[in-house]
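Participant: Dropping in final25.cif, with mmCIF, C-alpha atoms.
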data_input
#
loop_
_atom_site.label_atom_id
_atom_site.label_comp_id
_atom_site.auth_asym_id
_atom_site.auth_seq_id
_atom_site.Cartn_x
_atom_site.Cartn_y
_atom_site.Cartn_z
CA MET A 1 116.42 110.75 100.33
CA SER A 2 118.03 111.11 103.77
CA ALA A 3 116.86 112.12 107.22
CA PRO A 4 116.52 115.92 107.55
CA GLU A 5 118.97 117.82 109.74
CA HIS A 6 116.51 118.38 112.59
CA LEU A 7 116.38 114.60 113.10
CA LYS A 8 120.12 114.10 113.54
CA ALA A 9 120.32 114.86 117.28
CA ASP A 10 117.20 112.79 117.98
CA LEU A 11 118.59 109.97 115.88
CA GLU A 12 121.87 109.85 117.78
CA ILE A 13 120.09 109.64 121.15
CA THR A 14 117.61 107.01 119.92
CA VAL A 15 120.41 104.81 118.61
CA LYS A 16 122.44 105.21 121.80
CA ARG A 17 119.52 104.02 123.92
CA ALA A 18 118.82 101.08 121.61
CA LEU A 19 122.44 99.95 121.78
CA GLU A 20 122.55 100.31 125.55
CA GLU A 21 119.54 98.05 126.03
CA ASP A 22 120.94 95.46 123.62
CA ILE A 23 124.65 95.36 124.46
CA GLY A 24 124.50 96.13 128.16
CA SER A 25 127.84 95.21 129.77
CA GLY A 26 129.13 93.66 126.53
CA ASP A 27 128.43 91.22 123.69
CA ILE A 28 129.65 87.95 125.20
CA THR A 29 128.83 85.92 122.07
CA ALA A 30 130.78 88.17 119.70
CA ALA A 31 133.71 87.93 122.13
CA LEU A 32 134.11 84.27 121.07
CA ILE A 33 135.54 85.56 117.78
CA PRO A 34 139.21 86.69 117.63
CA ALA A 35 139.40 90.47 117.97
CA ASN A 36 141.48 90.85 114.80
CA GLN A 37 139.23 88.77 112.53
CA MET A 38 137.80 90.82 109.68
CA ALA A 39 134.60 90.08 107.77
CA LYS A 40 132.22 91.30 105.09
CA ALA A 41 128.45 90.99 105.40
CA GLU A 42 125.54 91.60 103.04
CA VAL A 43 122.03 92.64 104.06
CA ILE A 44 119.12 91.72 101.82
CA SER A 45 115.37 92.26 101.94
CA ARG A 46 113.25 89.13 101.81
CA ASP A 47 110.15 91.22 101.02
CA GLU A 48 109.02 93.72 98.43
CA ALA A 49 109.34 96.98 100.34
CA THR A 50 109.95 100.72 100.47
CA ILE A 51 113.26 101.25 102.21
CA CYS A 52 113.72 103.67 105.08
CA GLY A 53 116.34 103.94 107.82
CA ARG A 54 119.75 104.37 106.21
CA ASP A 55 120.86 107.06 108.63
CA TRP A 56 119.82 104.98 111.64
CA VAL A 57 121.83 102.00 110.36
CA ASN A 58 124.83 104.24 109.70
CA GLU A 59 124.61 105.65 113.23
CA VAL A 60 124.39 102.19 114.82
CA PHE A 61 127.60 101.05 113.13
CA ARG A 62 129.30 104.38 113.85
CA GLN A 63 128.57 104.11 117.55
CA VAL A 64 129.58 100.44 117.73
CA ASP A 65 132.76 100.80 115.65
CA PRO A 66 133.55 103.77 113.40
CA THR A 67 136.07 101.67 111.42
CA VAL A 68 133.23 99.64 109.87
CA LYS A 69 132.59 100.66 106.27
CA LEU A 70 129.10 100.53 104.79
CA HIS A 71 128.35 100.42 101.07
CA TRP A 72 124.70 101.19 100.29
CA HIS A 73 122.96 100.02 97.11
CA VAL A 74 119.64 101.77 97.82
CA ASN A 75 118.34 105.08 99.15
CA ASP A 76 115.49 105.85 101.51
CA GLY A 77 112.26 105.85 99.53
CA ASN A 78 113.45 103.27 96.97
CA ARG A 79 111.28 100.26 96.21
CA VAL A 80 113.08 96.91 96.43
CA ALA A 81 112.27 93.34 95.43
CA PRO A 82 112.68 90.15 97.47
CA ASN A 83 116.34 89.05 97.80
CA GLN A 84 117.62 92.43 96.64
CA PRO A 85 120.88 93.50 98.36
CA LEU A 86 120.51 96.67 100.43
CA PHE A 87 124.04 97.24 101.71
CA THR A 88 127.32 95.56 102.58
CA ALA A 89 129.36 96.13 105.72
CA GLU A 90 133.10 95.53 106.12
CA GLY A 91 135.12 95.55 109.33
CA PRO A 92 135.89 93.57 112.47
CA ALA A 93 133.63 90.51 112.64
CA ARG A 94 132.84 91.25 116.29
CA SER A 95 131.60 94.73 115.42
CA LEU A 96 129.42 93.55 112.54
CA LEU A 97 127.69 91.00 114.75
CA THR A 98 127.27 93.35 117.72
CA ALA A 99 125.65 96.02 115.54
CA GLU A 100 123.56 93.64 113.40
CA ARG A 101 120.34 93.29 115.40
CA CYS A 102 120.04 96.93 116.42
CA ALA A 103 120.73 98.15 112.89
CA LEU A 104 118.23 95.75 111.34
CA ASN A 105 115.60 96.58 113.97
CA PHE A 106 115.63 100.21 112.86
CA LEU A 107 115.73 99.36 109.16
CA GLN A 108 112.96 96.75 109.26
CA THR A 109 110.64 98.87 111.40
CA LEU A 110 111.05 102.10 109.46
CA SER A 111 110.87 100.27 106.13
CA GLY A 112 107.66 98.65 107.34
CA THR A 113 106.20 102.08 108.07
CA ALA A 114 107.36 103.42 104.70
CA SER A 115 106.01 100.37 102.88
CA ARG A 116 102.55 100.66 104.40
CA SER A 117 102.51 104.39 103.65
CA HIS A 118 103.47 103.65 100.04
CA ASP A 119 100.69 101.09 99.69
CA TYR A 120 98.07 103.51 101.03
CA ALA A 121 99.36 106.43 98.93
CA GLU A 122 99.08 104.28 95.81
CA LYS A 123 95.39 103.65 96.51
CA VAL A 124 94.56 107.38 96.25
CA ARG A 125 97.09 108.54 93.67
CA THR A 126 94.30 109.49 91.25
CA THR A 127 92.89 112.02 93.75
CA GLU A 128 94.12 115.26 95.30
CA VAL A 129 93.81 114.07 98.91
CA LYS A 130 96.80 114.00 101.26
CA LEU A 131 97.08 111.05 103.63
CA LEU A 132 98.26 112.05 107.11
CA ASP A 133 99.84 110.09 109.93
CA THR A 134 98.83 110.55 113.57
CA ARG A 135 100.45 110.53 117.03
CA LYS A 136 99.86 106.76 117.25
CA THR A 137 103.56 106.01 116.91
CA LEU A 138 105.93 103.61 118.64
CA PRO A 139 107.27 105.21 121.86
CA GLY A 140 110.66 106.78 121.23
CA LEU A 141 110.33 106.54 117.44
CA ARG A 142 107.93 109.44 116.77
CA ASN A 143 110.30 111.46 114.58
CA ALA A 144 111.74 108.39 112.87
CA GLN A 145 108.34 106.98 111.93
CA LYS A 146 107.06 110.32 110.70
CA TYR A 147 110.11 110.53 108.44
CA ALA A 148 109.33 107.00 107.23
CA VAL A 149 105.75 108.05 106.42
CA SER A 150 107.10 110.78 104.14
CA CYS A 151 109.47 108.28 102.48
CA GLY A 152 106.41 106.22 101.62
CA GLY A 153 104.60 109.12 99.97
CA CYS A 154 102.23 110.21 102.75
CA TYR A 155 102.33 113.33 104.92
CA ASN A 156 102.86 114.32 108.54
CA HIS A 157 100.12 115.64 110.79
CA ARG A 158 101.30 117.62 113.82
CA ILE A 159 104.45 116.21 115.43
CA GLY A 160 103.18 116.42 119.00
CA LEU A 161 100.98 118.35 121.40
CA TYR A 162 103.01 121.53 121.01
CA ASP A 163 103.05 122.50 117.33
CA ALA A 164 99.34 122.62 116.41
CA PHE A 165 95.94 122.42 118.06
CA LEU A 166 93.75 119.37 117.66
CA ILE A 167 90.65 120.08 119.73
CA LYS A 168 88.50 117.04 120.57
CA GLU A 169 85.26 116.29 122.36
CA ASN A 170 86.63 116.56 125.90
CA HIS A 171 88.44 119.83 125.15
CA ILE A 172 85.20 121.26 123.77
CA ALA A 173 83.20 120.17 126.81
CA ALA A 174 85.77 121.52 129.28
CA CYS A 175 86.00 124.89 127.52
CA GLY A 176 82.27 125.50 127.15
CA GLY A 177 81.63 124.86 123.48
CA ILE A 178 83.13 125.01 120.01
CA ALA A 179 83.18 128.80 119.60
CA ASN A 180 84.73 129.30 123.05
CA VAL A 181 87.48 126.74 122.62
CA ILE A 182 88.51 128.04 119.19
CA ALA A 183 88.61 131.61 120.52
CA GLN A 184 90.74 130.48 123.46
CA ALA A 185 93.14 128.66 121.14
CA ARG A 186 93.59 131.82 119.04
CA HIS A 187 94.24 133.81 122.21
CA ASN A 188 96.72 131.36 123.75
CA GLU A 189 98.80 130.58 120.67
CA PRO A 190 98.15 133.07 117.89
CA GLY A 191 99.50 131.86 114.56
CA LYS A 192 99.36 128.17 115.31
CA PRO A 193 96.99 126.02 113.25
CA VAL A 194 93.65 125.34 114.91
CA GLU A 195 91.98 122.06 114.05
CA ILE A 196 88.82 120.81 115.71
CA GLU A 197 87.08 117.46 115.58
CA VAL A 198 83.32 117.38 115.00
CA GLU A 199 80.91 114.46 115.11
CA ASN A 200 77.91 115.73 113.12
CA LEU A 201 76.89 118.41 110.65
CA GLU A 202 75.56 120.74 113.36
CA GLU A 203 78.96 120.80 115.08
CA PHE A 204 80.57 121.18 111.66
CA GLN A 205 78.60 124.38 111.02
CA GLN A 206 79.61 125.76 114.42
CA ALA A 207 83.29 125.05 113.74
CA LEU A 208 83.06 126.63 110.29
CA GLN A 209 81.43 129.78 111.68
CA ALA A 210 84.00 129.98 114.49
CA GLY A 211 86.83 130.09 111.95
CA ALA A 212 88.68 126.80 112.45
CA ASP A 213 91.56 126.28 110.06
CA ILE A 214 90.93 122.55 109.72
CA ILE A 215 87.81 120.61 110.63
CA MET A 216 88.14 116.90 111.30
CA LEU A 217 85.02 114.97 110.27
CA ASP A 218 84.95 112.08 112.72
CA ASN A 219 83.08 108.98 111.53
CA PHE A 220 80.98 110.92 109.00
CA SER A 221 79.16 108.91 106.35
CA LEU A 222 80.22 109.43 102.74
CA ALA A 223 77.06 111.42 102.07
CA GLU A 224 77.65 113.67 105.10
CA MET A 225 81.24 114.18 104.02
CA ARG A 226 80.24 115.29 100.53
CA LEU A 227 77.75 117.73 102.03
CA ALA A 228 80.41 119.13 104.37
CA VAL A 229 82.77 119.65 101.41
CA GLU A 230 80.02 121.52 99.58
CA GLN A 231 79.15 123.69 102.58
CA ALA A 232 82.77 124.46 103.47
CA ALA A 233 83.36 125.90 100.00
CA GLY A 234 87.06 126.41 100.76
CA LYS A 235 86.49 128.31 104.04
CA ALA A 236 88.32 125.59 105.98
CA LYS A 237 90.36 122.52 105.16
CA LEU A 238 88.53 119.26 105.82
CA GLU A 239 90.02 116.07 107.23
CA ALA A 240 88.31 112.68 107.28
CA SER A 241 89.04 110.34 110.16
CA GLY A 242 87.66 107.30 111.94
CA GLY A 243 87.00 103.78 110.71
CA ILE A 244 88.62 104.27 107.31
CA THR A 245 90.20 101.09 105.95
CA SER A 246 92.33 100.28 102.93
CA GLU A 247 89.16 99.03 101.24
CA THR A 248 87.14 102.22 101.84
CA LEU A 249 90.01 104.69 101.51
CA LEU A 250 89.44 105.64 97.87
CA SER A 251 85.73 106.27 98.44
CA TYR A 252 86.52 108.75 101.20
CA ALA A 253 89.23 110.41 99.10
CA GLU A 254 86.75 110.91 96.27
CA THR A 255 84.39 112.96 98.48
CA GLY A 256 86.71 115.94 97.99
CA VAL A 257 88.16 116.23 101.51
CA ASP A 258 91.63 117.71 101.72
CA TYR A 259 93.12 115.18 104.14
CA ILE A 260 92.55 111.72 105.52
CA SER A 261 94.32 110.82 108.77
CA ILE A 262 95.16 107.16 109.32
CA GLY A 263 96.67 105.79 112.51
CA THR A 264 97.48 102.46 110.90
CA LEU A 265 100.37 104.01 108.95
CA THR A 266 102.49 103.93 112.10
CA LYS A 267 100.78 101.74 114.68
CA ASP A 268 99.94 98.62 112.66
CA CYS A 269 102.87 98.35 110.27
CA ASP A 270 104.54 94.97 109.67
CA SER A 271 108.31 94.94 109.84
CA VAL A 272 110.13 94.12 106.61
CA ASP A 273 111.94 90.76 106.71
CA LEU A 274 115.68 91.40 106.43
CA SER A 275 118.68 89.09 106.56
CA MET A 276 122.42 89.62 107.13
CA ARG A 277 124.95 86.99 106.03
CA PHE A 278 128.72 86.93 105.99
CA ILE A 279 130.07 86.70 102.42
CA ASP A 280 133.47 86.17 100.83
#
Now that the file is in, can you turn its structure into structure tokens?

Facilitator:
Amino acid sequence: MSAPEHLKADLEITVKRALEEDIGSGDITAALIPANQMAKAEVISRDEATICGRDWVNEVFRQVDPTVKLHWHVNDGNRVAPNQPLFTAEGPARSLLTAERCALNFLQTLSGTASRSHDYAEKVRTTEVKLLDTRKTLPGLRNAQKYAVSCGGCYNHRIGLYDAFLIKENHIAACGGIANVIAQARHNEPGKPVEIEVENLEEFQQALQAGADIIMLDNFSLAEMRLAVEQAAGKAKLEASGGITSETLLSYAETGVDYISIGTLTKDCDSVDLSMRFID
């Protein structure tokens, strides 16, 4: 698995900014090493993980020094064990060391996102539910993290504020009610998905009658969720959200909802522990 084409321009800019903040006016420590000294380095994972970020690593080394050669042993989406080699890099020692931290930052962060997504997807693999990410992403890494979520076996919600409606309590209040706000959404952006968040079964019925494409059931009890699934009868897709943990996830999935959105996939992920060492 590799990053889709639409990410390539974003990826290049993201890497450029990361290198600028790290290298600044120059790597004064790497400059201690003779410019003509060559080296080979190996990167391993110290954790069990789902790997994600190959293209970001490749781009870091390309921008630092295109003569560096990388040899990958894994692909994005692969599961790895502790101490498993991920890739080797060969080239000027200065370049390997200058690129190291930035490259590993991308790889450890995106692999952390993919690993958490994998763990959550495994919990509901016996059901038909799709687990969705949210907009609770690290600033500047929205597209990268959403790619990582897919590498881990979960799915993307809307990318941003522009590609789909997600109407919440304040939108409803400002637009004069559920029926009004859904009608206005259809008028403003015909063809774009309209999702609305509801907080009780009365609001759910209003959203269903107004023709929402997706209805988000915010902090519904399991019993209320099962009733909503029964009443929807396929007229709208249903999404569970709010207060769902890894321990309660399967119970919510078994209510029959179509989606469960989980902010923790991107906002609470632990970075994978990686290590780079020079080798003979």

Participant: Can you tell me, as a compact mmCIF listing (two decimals) with C-alpha atoms, keeping the file's coordinate frame, what residues are no more than 8 Å from A:Arg94 when counting all atoms listed in the file, ignoring any on the same chain fewer than 3 positions away?

Facilitator:
# COMPACT_ATOMS: atom_id res chain seq x y z
CA ALA A 30 130.78 88.17 119.70
CA ALA A 31 133.71 87.93 122.13
CA ILE A 33 135.54 85.56 117.78
CA PRO A 34 139.21 86.69 117.63
CA ALA A 35 139.40 90.47 117.97
CA GLN A 37 139.23 88.77 112.53
CA LEU A 97 127.69 91.00 114.75
CA THR A 98 127.27 93.35 117.72

Participant: When the PyMOL selection byres ((chain A and resi 48-52) around 6) is applied to the structure above, which residues does it catch, written out as a tab-separated table (two decimals) with C-alpha atoms, in the coordinates of the input?

Facilitator:
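Final file, result_37.tsv:
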chain	number	residue	atom	x	y	z
A	47	ASP	CA	110.15	91.22	101.02
A	53	GLY	CA	116.34	103.94	107.82
A	76	ASP	CA	115.49	105.85	101.51
A	77	GLY	CA	112.26	105.85	99.53
A	78	ASN	CA	113.45	103.27	96.97
A	79	ARG	CA	111.28	100.26	96.21
A	80	VAL	CA	113.08	96.91	96.43
A	81	ALA	CA	112.27	93.34	95.43
A	82	PRO	CA	112.68	90.15	97.47
A	110	LEU	CA	111.05	102.10	109.46
A	111	SER	CA	110.87	100.27	106.13
A	114	ALA	CA	107.36	103.42	104.70
A	115	SER	CA	106.01	100.37	102.88
A	148	ALA	CA	109.33	107.00	107.23

Participant: For the atom pair atom CA of A:Asn200 and atom CA of A:Thr137, what is the interatomic distance in Å to one decimal place?

Facilitator: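 Separation between atom CA of A:Asn200 and atom CA of A:Thr137: 27.7 Å.
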
Participant: Which one is closest to A:Ala207: A:Thr127, A:Ala179, A:Leu227, A:Arg186? Count all atoms listed in the file.

Facilitator: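 Residue with the minimum atom-to-atom distance to A:Ala207: A:Ala179.
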
Participant: For A:Val64, which residue out of A:Arg135, A:Asn83, A:Glu20, A:Thr29 is the nearest one, using all atoms listed in the file?

Facilitator: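 Closest to A:Val64, using all atoms listed in the file: A:Glu20.
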
Participant: Given only C-alpha atoms, how would the per-residue table for stretch 91-167 of chain A near stretch 239-258 of chain A read, listing every residue at most 7 Å away with its closest atom pair and distance in Å to one decimal, sorted by chain and number, as JSON lines?

Facilitator:
{"residue": "A:Tyr120", "atom": "CA", "partner": "A:Ser246", "partner_atom": "CA", "distance": 6.9}
{"residue": "A:Lys123", "atom": "CA", "partner": "A:Leu250", "partner_atom": "CA", "distance": 6.4}
{"residue": "A:Val124", "atom": "CA", "partner": "A:Leu250", "partner_atom": "CA", "distance": 5.6}
{"residue": "A:Thr127", "atom": "CA", "partner": "A:Ala253", "partner_atom": "CA", "distance": 6.7}
{"residue": "A:Val129", "atom": "CA", "partner": "A:Asp258", "partner_atom": "CA", "distance": 5.1}
{"residue": "A:Lys130", "atom": "CA", "partner": "A:Asp258", "partner_atom": "CA", "distance": 6.4}

Participant: Go through A:Gln145, A:Thr14, A:Lys192, A:Asp119 one by one, measure the shortest atom-to-atom distance of each to A:Leu161 using only C-alpha atoms, and give the residue with the smallest value.

Facilitator: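 For A:Leu161, the nearest of the candidates is A:Lys192.
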
Participant: To one decimal place, how far is atom CA of A:Pro85 from atom CA of A:Phe106 in Å?

Facilitator: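 Going from atom CA of A:Pro85 over to atom CA of A:Phe106, I get 16.8 Å.
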
Participant: Let me know the residues the PyMOL selection byres ((chain A and resi 101) around 12) catches in the file above, as a list in words.

Facilitator: Val15, Ala18, Leu19, Glu21, Asp22, Ile23, Asp27, Val43, Val57, Val60, Phe61, Val64, Ser95, Leu96, Leu97, Thr98, Ala99, Glu100, Cys102, Ala103, Leu104, Asn105, Phe106, Leu107, Gln108, Thr109, Leu274, Ser275 and Met276 of chain A

Participant: Can you measure atom CA of A:Tyr147 to atom CA of A:His71 for me? One decimal in Å is fine.

Facilitator: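 Distance between the two atoms: 22.1 Å.
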
Participant: Which is closer to A:Gln231 than all the others in A:Glu202, A:Asp218, A:Glu90, A:Glu189, using only C-alpha atoms?

Facilitator: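 The closest residue to A:Gln231 is A:Glu202.
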
Participant: Give me the residues near A:Phe278 as a PyMOL selection string, where near means some atom within 8 Å (using all atoms listed in the file) and where sequence neighbours in that chain fewer than 2 positions away do not count.

Facilitator: chain A and resi 39-42+276+280

Participant: Can you list what the PyMOL selection byres ((chain A and resi 215) around 9) grabs from this structure, as a PyMOL selection string?

Facilitator: chain A and resi 194-198+204+207-208+212-214+216-217+236-240
